[in-house]
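J.: Below is the file run_20.cif, which contains mmCIF, C-alpha atoms and all ligand atoms.
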data_coords
#
loop_
_atom_site.group_PDB
_atom_site.id
_atom_site.type_symbol
_atom_site.label_atom_id
_atom_site.label_comp_id
_atom_site.auth_asym_id
_atom_site.auth_seq_id
_atom_site.Cartn_x
_atom_site.Cartn_y
_atom_site.Cartn_z
ATOM 1 C CA MET I 1 0.000 0.000 0.000
ATOM 2 C CA ASN I 2 1.246 3.463 -0.816
ATOM 3 C CA LEU I 3 1.299 6.480 1.429
ATOM 4 C CA PRO I 4 -0.636 9.157 -0.484
ATOM 5 C CA ASP I 5 -0.745 11.713 2.327
ATOM 6 C CA ILE I 6 2.950 11.761 2.950
ATOM 7 C CA ASN I 7 4.685 15.126 3.054
ATOM 8 C CA VAL I 8 8.430 15.160 2.399
ATOM 9 C CA ARG I 9 10.054 18.463 3.360
ATOM 10 C CA ALA I 10 13.301 19.981 4.583
ATOM 11 C CA ALA I 11 13.882 19.334 8.285
ATOM 12 C CA VAL I 12 13.911 22.167 10.813
ATOM 13 C CA VAL I 13 15.342 22.410 14.332
ATOM 14 C CA ALA I 14 11.936 21.690 15.872
ATOM 15 C CA ASP I 15 12.047 18.240 14.211
ATOM 16 C CA THR I 16 15.333 17.095 15.715
ATOM 17 C CA ALA I 17 14.019 15.327 18.833
ATOM 18 C CA ALA I 18 11.449 13.372 16.814
ATOM 19 C CA MET I 19 14.055 12.560 14.162
ATOM 20 C CA SER I 20 16.489 11.255 16.786
ATOM 21 C CA ALA I 21 13.800 9.047 18.315
ATOM 22 C CA LEU I 22 12.882 7.753 14.860
ATOM 23 C CA ALA I 23 16.547 7.053 14.020
ATOM 24 C CA TYR I 24 16.930 5.022 17.215
ATOM 25 C CA ARG I 25 13.739 3.021 16.631
ATOM 26 C CA SER I 26 14.576 2.437 12.997
ATOM 27 C CA LYS I 27 18.150 1.291 13.642
ATOM 28 C CA LYS I 28 16.990 -1.012 16.411
ATOM 29 C CA SER I 29 14.666 -2.730 13.959
ATOM 30 C CA ASN I 30 17.768 -4.151 12.246
ATOM 31 C CA GLY I 31 17.974 -6.518 15.212
ATOM 32 C CA TYR I 32 20.445 -4.851 17.573
ATOM 33 C CA ASP I 33 20.131 -5.477 21.301
ATOM 34 C CA ASP I 34 20.100 -2.729 23.945
ATOM 35 C CA GLN I 35 23.840 -2.995 24.634
ATOM 36 C CA VAL I 36 24.738 -2.408 21.006
ATOM 37 C CA MET I 37 22.089 0.293 20.691
ATOM 38 C CA ALA I 38 23.729 2.143 23.595
ATOM 39 C CA LEU I 39 26.901 2.344 21.488
ATOM 40 C CA PHE I 40 24.934 3.628 18.493
ATOM 41 C CA GLU I 41 22.908 6.155 20.459
ATOM 42 C CA GLU I 42 25.191 9.192 20.281
ATOM 43 C CA GLY I 43 25.756 8.761 16.555
ATOM 44 C CA LEU I 44 22.037 8.470 15.932
ATOM 45 C CA GLN I 45 21.250 11.806 17.591
ATOM 46 C CA ILE I 46 20.153 14.381 15.043
ATOM 47 C CA THR I 47 21.007 17.553 16.897
ATOM 48 C CA PRO I 48 20.434 21.167 15.818
ATOM 49 C CA ASP I 49 24.223 21.375 15.280
ATOM 50 C CA ARG I 50 24.149 18.406 12.904
ATOM 51 C CA LEU I 51 21.208 19.929 11.087
ATOM 52 C CA GLN I 52 23.337 22.983 10.345
ATOM 53 C CA CYS I 53 26.112 20.865 8.822
ATOM 54 C CA ARG I 54 24.075 19.207 6.088
ATOM 55 C CA PRO I 55 20.565 19.193 4.607
ATOM 56 C CA PHE I 56 18.080 16.733 6.085
ATOM 57 C CA TRP I 57 14.612 15.861 4.828
ATOM 58 C CA VAL I 58 11.756 14.374 6.804
ATOM 59 C CA ALA I 59 8.645 12.464 5.789
ATOM 60 C CA GLU I 60 5.572 13.439 7.735
ATOM 61 C CA LEU I 61 2.250 11.647 8.061
ATOM 62 C CA ASP I 62 -0.540 13.291 10.064
ATOM 63 C CA GLY I 63 2.031 15.572 11.701
ATOM 64 C CA GLN I 64 4.252 12.669 12.748
ATOM 65 C CA ILE I 65 7.793 12.215 11.481
ATOM 66 C CA ILE I 66 8.072 8.722 10.028
ATOM 67 C CA GLY I 67 11.222 9.002 7.933
ATOM 68 C CA CYS I 68 14.363 11.014 7.323
ATOM 69 C CA ILE I 69 17.425 11.224 5.090
ATOM 70 C CA ALA I 70 20.462 13.521 4.866
ATOM 71 C CA LEU I 71 23.001 14.500 2.222
ATOM 72 C CA ASP I 72 26.533 15.234 3.383
ATOM 73 C CA PRO I 73 28.519 17.056 0.669
ATOM 74 C CA LEU I 74 32.147 15.901 0.699
ATOM 75 C CA ASP I 75 33.380 17.939 -2.245
ATOM 76 C CA GLY I 76 31.739 19.653 -5.198
ATOM 77 C CA ARG I 77 30.919 16.364 -6.926
ATOM 78 C CA THR I 78 30.615 13.763 -4.182
ATOM 79 C CA ALA I 79 28.222 13.488 -1.268
ATOM 80 C CA GLU I 80 27.384 10.854 1.323
ATOM 81 C CA VAL I 81 23.853 9.682 2.003
ATOM 82 C CA ARG I 82 23.351 9.637 5.769
ATOM 83 C CA SER I 83 20.655 9.161 8.396
ATOM 84 C CA PHE I 84 18.381 7.207 6.075
ATOM 85 C CA PHE I 85 15.668 5.876 8.369
ATOM 86 C CA THR I 86 12.023 4.950 8.061
ATOM 87 C CA ASP I 87 9.578 4.002 10.776
ATOM 88 C CA PRO I 88 9.352 0.219 11.174
ATOM 89 C CA ASP I 89 5.554 0.567 11.251
ATOM 90 C CA HIS I 90 5.551 2.064 7.749
ATOM 91 C CA ARG I 91 8.056 -0.082 5.887
ATOM 92 C CA GLY I 92 7.636 -1.344 2.364
ATOM 93 C CA ARG I 93 5.157 1.365 1.379
ATOM 94 C CA GLY I 94 7.460 3.531 -0.723
ATOM 95 C CA LEU I 95 8.492 5.864 2.082
ATOM 96 C CA GLY I 96 12.205 5.205 1.642
ATOM 97 C CA HIS I 97 11.792 5.737 -2.090
ATOM 98 C CA GLN I 98 10.101 9.117 -1.601
ATOM 99 C CA LEU I 99 12.854 10.308 0.725
ATOM 100 C CA TRP I 100 15.482 9.025 -1.677
ATOM 101 C CA GLN I 101 13.880 10.923 -4.592
ATOM 102 C CA ALA I 102 13.707 14.189 -2.625
ATOM 103 C CA MET I 103 17.386 13.909 -1.732
ATOM 104 C CA LEU I 104 18.401 12.813 -5.255
ATOM 105 C CA THR I 105 16.659 15.774 -6.918
ATOM 106 C CA VAL I 106 18.544 18.248 -4.741
ATOM 107 C CA ALA I 107 21.856 16.388 -5.111
ATOM 108 C CA GLN I 108 21.563 16.482 -8.905
ATOM 109 C CA SER I 109 20.558 20.145 -8.918
ATOM 110 C CA GLN I 110 23.706 20.900 -6.910
ATOM 111 C CA GLY I 111 25.976 19.190 -9.419
ATOM 112 C CA ILE I 112 26.632 16.092 -7.308
ATOM 113 C CA THR I 113 27.592 13.204 -9.592
ATOM 114 C CA ARG I 114 28.547 10.500 -7.090
ATOM 115 C CA LEU I 115 26.844 9.296 -3.928
ATOM 116 C CA LEU I 116 28.513 7.263 -1.198
ATOM 117 C CA ALA I 117 27.042 5.400 1.745
ATOM 118 C CA HIS I 118 28.303 3.517 4.775
ATOM 119 C CA ALA I 119 25.547 0.930 4.809
ATOM 120 C CA ASP I 120 24.256 -0.968 7.766
ATOM 121 C CA PRO I 121 24.824 -4.616 6.708
ATOM 122 C CA ALA I 122 21.069 -5.182 7.092
ATOM 123 C CA THR I 123 20.419 -2.639 4.330
ATOM 124 C CA LEU I 124 23.130 -3.709 1.886
ATOM 125 C CA ARG I 125 20.586 -5.242 -0.478
ATOM 126 C CA TYR I 126 18.382 -2.144 -0.291
ATOM 127 C CA TYR I 127 21.282 0.044 -1.398
ATOM 128 C CA GLU I 128 22.125 -2.406 -4.160
ATOM 129 C CA ASN I 129 18.539 -2.117 -5.373
ATOM 130 C CA LEU I 130 19.029 1.659 -5.467
ATOM 131 C CA GLY I 131 21.939 1.113 -7.839
ATOM 132 C CA PHE I 132 24.807 1.268 -5.354
ATOM 133 C CA ILE I 133 27.771 -1.056 -5.726
ATOM 134 C CA GLN I 134 29.828 -2.192 -2.771
ATOM 135 C CA ARG I 135 33.376 -0.859 -3.102
ATOM 136 C CA GLY I 136 34.797 -2.310 0.082
ATOM 137 C CA GLU I 137 34.389 -1.966 3.823
ATOM 138 C CA VAL I 138 35.074 0.869 6.241
ATOM 139 C CA PRO I 139 35.234 0.975 10.049
ATOM 140 C CA SER I 140 31.862 1.628 11.674
ATOM 141 C CA ARG I 141 31.617 5.144 13.085
ATOM 142 C CA SER I 142 29.953 3.771 16.221
ATOM 143 C CA LEU I 143 31.126 0.250 16.956
ATOM 144 C CA PRO I 144 34.873 -0.165 17.467
ATOM 145 C CA GLY I 145 36.267 -3.076 15.489
ATOM 146 C CA ARG I 146 33.243 -3.465 13.240
ATOM 147 C CA MET I 147 33.489 -3.054 9.474
ATOM 148 C CA VAL I 148 30.506 -1.962 7.359
ATOM 149 C CA PRO I 149 29.885 -1.979 3.590
ATOM 150 C CA TYR I 150 31.148 1.056 1.710
ATOM 151 C CA MET I 151 28.804 1.730 -1.208
ATOM 152 C CA ALA I 152 28.974 4.071 -4.209
ATOM 153 C CA ARG I 153 26.693 5.070 -7.052
ATOM 154 C CA ASP I 154 27.039 7.566 -9.901
ATOM 155 C CA ILE I 155 24.011 9.772 -10.439
HETATM 156 C C1 LIG O 201 16.275 0.941 4.347
HETATM 157 C C2 LIG O 201 14.953 1.610 4.691
HETATM 158 C C3 LIG O 201 15.178 3.113 4.841
HETATM 159 C C4 LIG O 201 13.920 1.326 3.578
HETATM 160 O O1 LIG O 201 12.701 1.991 3.883
HETATM 161 P P1 LIG O 201 11.271 1.549 3.281
HETATM 162 O O2 LIG O 201 10.340 2.656 3.654
HETATM 163 O O3 LIG O 201 10.909 0.172 3.659
HETATM 164 O O4 LIG O 201 11.588 1.578 1.711
HETATM 165 P P2 LIG O 201 10.565 1.480 0.495
HETATM 166 O O5 LIG O 201 9.180 1.219 0.977
HETATM 167 O O6 LIG O 201 10.763 2.654 -0.388
HETATM 168 O O7 LIG O 201 11.139 0.229 -0.295
HETATM 169 C C5 LIG O 201 10.633 -1.001 0.004
HETATM 170 C C6 LIG O 201 11.340 -2.054 -0.815
HETATM 171 O O8 LIG O 201 12.667 -2.216 -0.312
HETATM 172 C C7 LIG O 201 12.781 -3.497 0.283
HETATM 173 N N1 LIG O 201 13.533 -3.326 1.538
HETATM 174 C C8 LIG O 201 13.212 -2.580 2.604
HETATM 175 N N2 LIG O 201 14.162 -2.693 3.550
HETATM 176 C C9 LIG O 201 15.097 -3.536 3.047
HETATM 177 C C10 LIG O 201 16.322 -4.064 3.535
HETATM 178 N N3 LIG O 201 16.795 -3.718 4.741
HETATM 179 N N4 LIG O 201 17.029 -4.900 2.744
HETATM 180 C C11 LIG O 201 16.562 -5.251 1.519
HETATM 181 N N5 LIG O 201 15.403 -4.780 1.005
HETATM 182 C C12 LIG O 201 14.684 -3.941 1.762
HETATM 183 C C13 LIG O 201 11.379 -3.991 0.527
HETATM 184 O O9 LIG O 201 11.331 -5.384 0.497
HETATM 185 C C14 LIG O 201 10.635 -3.371 -0.640
HETATM 186 O O10 LIG O 201 10.835 -4.107 -1.819
HETATM 187 P P3 LIG O 201 9.639 -4.224 -2.901
HETATM 188 O O11 LIG O 201 9.325 -2.818 -3.335
HETATM 189 O O12 LIG O 201 10.254 -5.073 -3.979
HETATM 190 O O13 LIG O 201 8.525 -4.874 -2.173
HETATM 191 C C15 LIG O 201 14.354 1.000 5.997
HETATM 192 O O14 LIG O 201 14.298 -0.394 5.860
HETATM 193 C C16 LIG O 201 15.115 1.350 7.255
HETATM 194 O O15 LIG O 201 14.903 2.417 7.832
HETATM 195 N N6 LIG O 201 15.959 0.431 7.752
HETATM 196 C C17 LIG O 201 16.565 0.519 9.075
HETATM 197 C C18 LIG O 201 17.476 1.688 9.251
HETATM 198 C C19 LIG O 201 18.740 1.578 8.459
HETATM 199 O O16 LIG O 201 19.532 0.697 8.684
HETATM 200 N N7 LIG O 201 18.894 2.537 7.551
HETATM 201 C C20 LIG O 201 20.014 2.605 6.684
HETATM 202 C C21 LIG O 201 21.119 3.308 7.348
HETATM 203 S S1 LIG O 201 22.620 2.878 6.533
#
Rewrite the structure of this file - the entire thing - as structure tokens.

T.:
Amino acid sequence: MNLPDINVRAAVVADTAAMSALAYRSKKSNGYDDQVMALFEEGLQITPDRLQCRPFWVAELDGQIIGCIALDPLDGRTAEVRSFFTDPDHRGRGLGHQLWQAMLTVAQSQGITRLLAHADPATLRYYENLGFIQRGEVPSRSLPGRMVPYMARDI
């Protein structure tokens, strides 16, 4: 089923608490236990400071934030897709796709030609379906000693 009443828009500071809670809930749905989630927690916070560093978009349904995505420009041509999370209660309904399209349109309009992602292993296949190719592995930003897929896609 699709989500016809979804509103995808640029995030504002007032959204950050709801976005952080969503990010935590969404990440946890990949099967991590509380101990591992405690290690992820700081990195999952979407603070007003982080909002100033890069553009974020949110998906809203009936005033509730149920998805988000961010674009982190690395240089004039390359940017990293970050904070890509949808609410576990609304999966498989095209929400991720809508967020992806909103981000992609802006990336292309800004002259970005290559997107990168540090994928959670649970979402490797999802990124592959978006056209990303795994280029190797990089250390997790949150879990010492863990390697995660490093993905790239030309746009
Ligand atoms: C990845 C994610 C954003 C996708 O969101 P979504 O709203 O379900 O995406 P869509 O509805 O647009 O796409 C659904 C399609 O992707 C597939 N899909 C969803 N999550 C997937 C996953 N983790 N791995 C493989 N395929 C996945 C669905 O089966 C569905 O396929 P279909 O259209 O052939 O039926 C969501 O699963 C998520 O938030 N995951 C947990 C957080 C996370 O790890 N995010 C990535 C950070 S690196």

J.: Counting only C-alpha atoms, which of I:Met147, I:Val8, I:Val81, I:Ala122 gets nearest to I:Gln64?

T.: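 Residue with the minimum atom-to-atom distance to I:Gln64: I:Val8.
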
J.: With a cut-off of 9 Å, could you pull out the residues of chain I touching ligand LIG 201 (chain O) and give me the nearest pair of atoms for each, distance in Å to one decimal, using all atoms listed in the file, ordered by chain and ascending number, as a tab-separated table?

T.:
residue	atom	partner	partner_atom	distance
I:Asn2	CA	O:LIG201	O5	8.4
I:Ala23	CA	O:LIG201	C18	7.2
I:Tyr24	CA	O:LIG201	C18	8.7
I:Arg25	CA	O:LIG201	C18	8.4
I:Ser26	CA	O:LIG201	C18	4.8
I:Lys27	CA	O:LIG201	C18	4.5
I:Lys28	CA	O:LIG201	C17	7.5
I:Ser29	CA	O:LIG201	C17	6.2
I:Asn30	CA	O:LIG201	C17	5.8
I:Gly67	CA	O:LIG201	O15	7.5
I:Cys68	CA	O:LIG201	C3	8.3
I:Ile69	CA	O:LIG201	C3	8.4
I:Val81	CA	O:LIG201	S1	8.3
I:Arg82	CA	O:LIG201	S1	6.8
I:Ser83	CA	O:LIG201	C21	6.0
I:Phe84	CA	O:LIG201	C20	4.9
I:Phe85	CA	O:LIG201	O15	3.6
I:Thr86	CA	O:LIG201	O15	3.8
I:Asp87	CA	O:LIG201	O15	6.3
I:Pro88	CA	O:LIG201	O15	6.8
I:His90	CA	O:LIG201	O2	6.3
I:Arg91	CA	O:LIG201	O3	3.6
I:Gly92	CA	O:LIG201	O5	3.3
I:Arg93	CA	O:LIG201	O5	4.0
I:Gly94	CA	O:LIG201	O5	3.3
I:Leu95	CA	O:LIG201	O2	4.0
I:Gly96	CA	O:LIG201	O6	3.6
I:His97	CA	O:LIG201	O6	3.7
I:Gln98	CA	O:LIG201	O6	6.6
I:Leu99	CA	O:LIG201	O6	8.0
I:Trp100	CA	O:LIG201	O6	8.0
I:Ala117	CA	O:LIG201	S1	7.0
I:His118	CA	O:LIG201	S1	6.0
I:Ala119	CA	O:LIG201	S1	3.9
I:Asp120	CA	O:LIG201	S1	4.4
I:Pro121	CA	O:LIG201	O16	7.8
I:Ala122	CA	O:LIG201	N3	5.1
I:Thr123	CA	O:LIG201	N3	3.8
I:Leu124	CA	O:LIG201	N4	6.3
I:Arg125	CA	O:LIG201	C11	4.5
I:Tyr126	CA	O:LIG201	C11	4.0
I:Tyr127	CA	O:LIG201	C11	7.7
I:Glu128	CA	O:LIG201	C11	8.4
I:Asn129	CA	O:LIG201	N5	7.6

J.: Write out the residues from the selection above, keeping C-alpha atoms, as a compact mmCIF listing (two decimals), keeping the file's coordinate frame.

T.:
# COMPACT_ATOMS: atom_id res chain seq x y z
CA ASN I 2 1.25 3.46 -0.82
CA ALA I 23 16.55 7.05 14.02
CA TYR I 24 16.93 5.02 17.22
CA ARG I 25 13.74 3.02 16.63
CA SER I 26 14.58 2.44 13.00
CA LYS I 27 18.15 1.29 13.64
CA LYS I 28 16.99 -1.01 16.41
CA SER I 29 14.67 -2.73 13.96
CA ASN I 30 17.77 -4.15 12.25
CA GLY I 67 11.22 9.00 7.93
CA CYS I 68 14.36 11.01 7.32
CA ILE I 69 17.42 11.22 5.09
CA VAL I 81 23.85 9.68 2.00
CA ARG I 82 23.35 9.64 5.77
CA SER I 83 20.66 9.16 8.40
CA PHE I 84 18.38 7.21 6.08
CA PHE I 85 15.67 5.88 8.37
CA THR I 86 12.02 4.95 8.06
CA ASP I 87 9.58 4.00 10.78
CA PRO I 88 9.35 0.22 11.17
CA HIS I 90 5.55 2.06 7.75
CA ARG I 91 8.06 -0.08 5.89
CA GLY I 92 7.64 -1.34 2.36
CA ARG I 93 5.16 1.36 1.38
CA GLY I 94 7.46 3.53 -0.72
CA LEU I 95 8.49 5.86 2.08
CA GLY I 96 12.20 5.20 1.64
CA HIS I 97 11.79 5.74 -2.09
CA GLN I 98 10.10 9.12 -1.60
CA LEU I 99 12.85 10.31 0.72
CA TRP I 100 15.48 9.02 -1.68
CA ALA I 117 27.04 5.40 1.74
CA HIS I 118 28.30 3.52 4.78
CA ALA I 119 25.55 0.93 4.81
CA ASP I 120 24.26 -0.97 7.77
CA PRO I 121 24.82 -4.62 6.71
CA ALA I 122 21.07 -5.18 7.09
CA THR I 123 20.42 -2.64 4.33
CA LEU I 124 23.13 -3.71 1.89
CA ARG I 125 20.59 -5.24 -0.48
CA TYR I 126 18.38 -2.14 -0.29
CA TYR I 127 21.28 0.04 -1.40
CA GLU I 128 22.12 -2.41 -4.16
CA ASN I 129 18.54 -2.12 -5.37

J.: Can you list, as a list of chain:residue names, the residues that the PyMOL selection byres (((chain I and resi 45-49) around 10) and not hetatm) selects here?

T.: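 Applying the PyMOL selection byres (((chain I and resi 45-49) around 10) and not hetatm) to the structure shown produces I:Val12, I:Val13, I:Ala14, I:Asp15, I:Thr16, I:Ala17, I:Ala18, I:Met19, I:Ser20, I:Ala21, I:Leu22, I:Ala23, I:Tyr24, I:Phe40, I:Glu41, I:Glu42, I:Gly43, I:Leu44, I:Arg50, I:Leu51, I:Gln52, I:Cys53, I:Arg54, I:Phe56, I:Ser83.
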
J.: Work out how far atom CA of I:Gly31 is from atom CA of I:Val138, in Å to one decimal.

T.: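 Atom CA of I:Gly31 lies 20.7 Å from atom CA of I:Val138.
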
J.: Quick one: of I:Pro144, I:Gly131, I:Gly111, I:Pro139, who's nearest to I:Arg77, counting all atoms listed in the file?

T.: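 The closest residue to I:Arg77 is I:Gly111.
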
J.: Residues within 8 Å of (35.2, -3.3, -2.1), file coordinates, counting all atoms listed in the file: what are they? Give the list as a PyMOL selection string.

T.: chain I and resi 134-137+149-150

J.: Quick one, how far is atom CA of I:Glu60 from atom CA of I:Ala11?

T.: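 If I compute the distance from atom CA of I:Glu60 to atom CA of I:Ala11, I get 10.2 Å.
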
J.: Go through I:Trp57, I:Asp154, I:Leu39, I:Thr78 and flag the residue nearest I:Met103, using only C-alpha atoms for the distances.

T.: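 Checking each of I:Trp57, I:Asp154, I:Leu39, I:Thr78 against I:Met103, counting only C-alpha atoms, the winner is I:Trp57.
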
J.: Can you measure atom CA of I:Ala10 to atom CA of I:Val106 for me? One decimal in Å is fine.

T.: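 Those two atoms sit 10.8 Å apart.
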
J.: Give the answer as one residue: which of I:Ala79, I:Ile155, I:Leu143, I:Leu74 has the shortest atom-to-atom distance to I:Thr113, using only C-alpha atoms?

T.: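 Once distances to I:Thr113 are computed over only C-alpha atoms, the minimum belongs to I:Ile155.
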
J.: Translate the PyMOL selection byres (((chain I and resi 153) around 8) and not hetatm) into a concrete residue list for this structure, as a PyMOL selection string.

T.: chain I and resi 114-116+131-133+151-152+154-155

J.: Apply the PyMOL selection byres (((chain I and resi 62) around 9) and not hetatm) to the displayed file and report the matching residues as a list in words.

T.: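 Going through the file, the PyMOL selection byres (((chain I and resi 62) around 9) and not hetatm) ends up selecting Asp5, Ile6, Asn7, Glu60, Leu61, Gly63, Gln64 and Ile65 of chain I.
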
J.: Smallest atom-to-atom distance to I:Val36: which of I:Ala107, I:Arg9, I:Val148, I:Ser142, using only C-alpha atoms?

T.: I:Ser142

J.: Box time for stretch 121-124 of chain I: axis-aligned, enclosing all its listed atoms, 3 Å extra on each side; report centre and edge lengths in Å to one decimal, as JSON.

T.:
{"center_x": 22.6, "center_y": -3.9, "center_z": 4.5, "size_x": 10.4, "size_y": 8.5, "size_z": 11.2}
